[in-house]
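Step one of this worksheet: look at the structure below.
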Amino acid sequence: MSTNHTAHPQTVDAPAGSWDLEPVGSTVEFTGRHFFFLPVRGSLPVRSGRAEIAADGTLAGLDAAVGVAGFESGDPRRDTAVRGPRFLDAERFPELRFTGERLTVGPSVTGLLEVKGRRTPVTFTAEELTVDGERVTVRATARVDRHACGVGALRGLVGAELLVRVRAVFVRRS
C-alpha cells in the first residue's frame with residue numbers, strides 16, 4: 001500500500017530499521033545562475049547512501065554520496081571546468097556527502113554537506129514522502145551557498161546560490 005505525504009511530519013512514516021539508498025532511482029539536480037542571470041541546470045549521479053530510522057520514527061542517521069566526476073550541465077567545456085581544481089576538484093575529492101546523526105525531522109532536515117573536505121550545514125525541505133511497502137521515496141530541496149562550501153571560483157560570473165533538488169529512493173535492508 002502506498003502512502004503519499006505532502007504534509008511535514010515530525011517523524012518519518014516508515015518502519016524502523018536500516019535503509020539503503022538506491023542509486024538508480026535517485027537523482028540530484030541543481031539550478032544556478034550564470035552571468036546575465038542565465039539559468040544553468042545540471043545533475044550529479046547518486047553513488048551510495050543509507051538511512052537509519054529509530055523505533056520512535058526519528059531519523060537516527062543519514063549518509064549519502066554523489067559522484068563529482070559525473071557532474072553534467074549539458075555543456076562539456078563547463079562540465080570539465082566544474083570538475084576541475086578551481087571548482088569541485090573531482091580528482092582530489094571524488095564525492096560530495098550529506099550526513100547527519102539524530103536528525104530532527106519536520107518541515108526540514110539539517111545535516112552537513114561535505115564539499116572538498118569542508119563541512120557546511122545545509123537544510124533540506126521535504127516536499128514529498130511516499131512509503132510503498134519496503135520502499136520510501138523522498139523529494140526534497142535545499143538552497144546551497146557554493147561559496148560557503150569552498151567553491152568560490154568565478155564569483156563575478158557564476159551566482160553563489162544553487163537550488164538543489166533531490167529524489168532519494170530507499171529500500172529496506174533485509
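Order determines the names: the first chain of the C-alpha cells is A, the second B, and so forth; residues in each chain are numbered 1 upward, and ligands are numbered 1 upward as they are shown.
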
List every residue of chain A that DSSP, applied to the backbone of this structure, assigns to alpha helix (DSSP H), and report them as a list of chain:residue names.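 Answer for chain A, restricted to alpha helix (DSSP H): A:Pro76, A:Arg77, A:Arg78, A:Asp79, A:Thr80, A:Ala81, A:Val82, A:Arg83.
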
Set the distance at 10 Å and use only C-alpha atoms: which residues neighbour Pro121 in chain A once local chain neighbours fewer than 5 positions away are removed? I'd like the list as a PDB file with C-alpha atoms, in the first residue's frame.
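Written output follows (out-v4.pdb):
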ATOM      1  CA  PHE A  98      25.397  14.744   3.057  1.00  0.00           C
ATOM      2  CA  THR A  99      25.473  13.303   6.573  1.00  0.00           C
ATOM      3  CA  GLY A 100      23.790  13.625   9.906  1.00  0.00           C
ATOM      4  CA  THR A 110      19.565  19.824   8.558  1.00  0.00           C
ATOM      5  CA  GLY A 111      22.785  17.913   8.085  1.00  0.00           C
ATOM      6  CA  LEU A 112      26.321  18.536   6.914  1.00  0.00           C
ATOM      7  CA  LEU A 113      27.199  18.844   3.245  1.00  0.00           C
ATOM      8  CA  GLU A 114      30.844  17.959   2.655  1.00  0.00           C
ATOM      9  CA  VAL A 144      23.185  25.873  -1.108  1.00  0.00           C
ATOM     10  CA  ALA A 148      30.238  28.727   1.965  1.00  0.00           C
ATOM     11  CA  CYS A 149      31.097  25.228   0.703  1.00  0.00           C
TER      12      CYS A 149
END

CA of Arg47 in chain A to CA of Val66 in chain A, distance in Å rounded to a single decimal: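 If I compute the distance from CA of Arg47 in chain A to CA of Val66 in chain A, I get 5.0 Å.
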
In Å, rounded to a single decimal, give me how far CA of Pro23 in chain A is from CA of Arg50 in chain A.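 If I compute the distance from CA of Arg50 in chain A to CA of Pro23 in chain A, I get 10.8 Å.
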
Need the shell around Arg146 in chain A: protein/DNA/RNA residues with any atom at most 7 Å away, counting only C-alpha atoms. Skip same-chain ones fewer than 3 positions apart. Format as a ChimeraX atom specification? /A:149-152,160-161

Just the selected residues (all heavy atoms), exported as a compact mmCIF listing (two decimals), in the first residue's frame, please.
# COMPACT_ATOMS: atom_id res chain seq x y z
N CYS A 149 30.60 26.60 0.85
CA CYS A 149 31.10 25.23 0.70
C CYS A 149 32.52 25.17 0.16
O CYS A 149 33.05 24.09 -0.08
CB CYS A 149 30.18 24.44 -0.23
SG CYS A 149 28.53 24.16 0.42
N GLY A 150 33.12 26.34 -0.06
CA GLY A 150 34.50 26.37 -0.54
C GLY A 150 34.65 26.32 -2.04
O GLY A 150 35.73 26.07 -2.56
N VAL A 151 33.57 26.58 -2.77
CA VAL A 151 33.61 26.60 -4.23
C VAL A 151 33.40 28.06 -4.66
O VAL A 151 32.28 28.49 -4.94
CB VAL A 151 32.53 25.68 -4.85
CG1 VAL A 151 32.64 25.65 -6.36
CG2 VAL A 151 32.67 24.28 -4.27
N GLY A 152 34.48 28.83 -4.69
CA GLY A 152 34.37 30.27 -4.90
C GLY A 152 34.85 30.79 -6.23
O GLY A 152 34.90 31.99 -6.44
N ALA A 160 26.23 32.66 -6.49
CA ALA A 160 26.62 31.93 -5.28
C ALA A 160 25.63 30.84 -4.91
O ALA A 160 26.00 29.80 -4.38
CB ALA A 160 26.79 32.89 -4.11
N GLU A 161 24.35 31.06 -5.16
CA GLU A 161 23.32 30.15 -4.67
C GLU A 161 22.90 29.14 -5.73
O GLU A 161 22.67 29.48 -6.88
CB GLU A 161 22.10 30.93 -4.22
CG GLU A 161 21.04 30.06 -3.58
CD GLU A 161 19.87 30.86 -3.07
OE1 GLU A 161 18.96 31.14 -3.87
OE2 GLU A 161 19.88 31.21 -1.89

Could you pull out the strand (DSSP E) residues of range 46-149 of chain A from DSSP and send them as a VMD selection string? chain A and resid 46 to 53 59 to 67 95 to 103 108 to 115 118 to 132 135 to 145
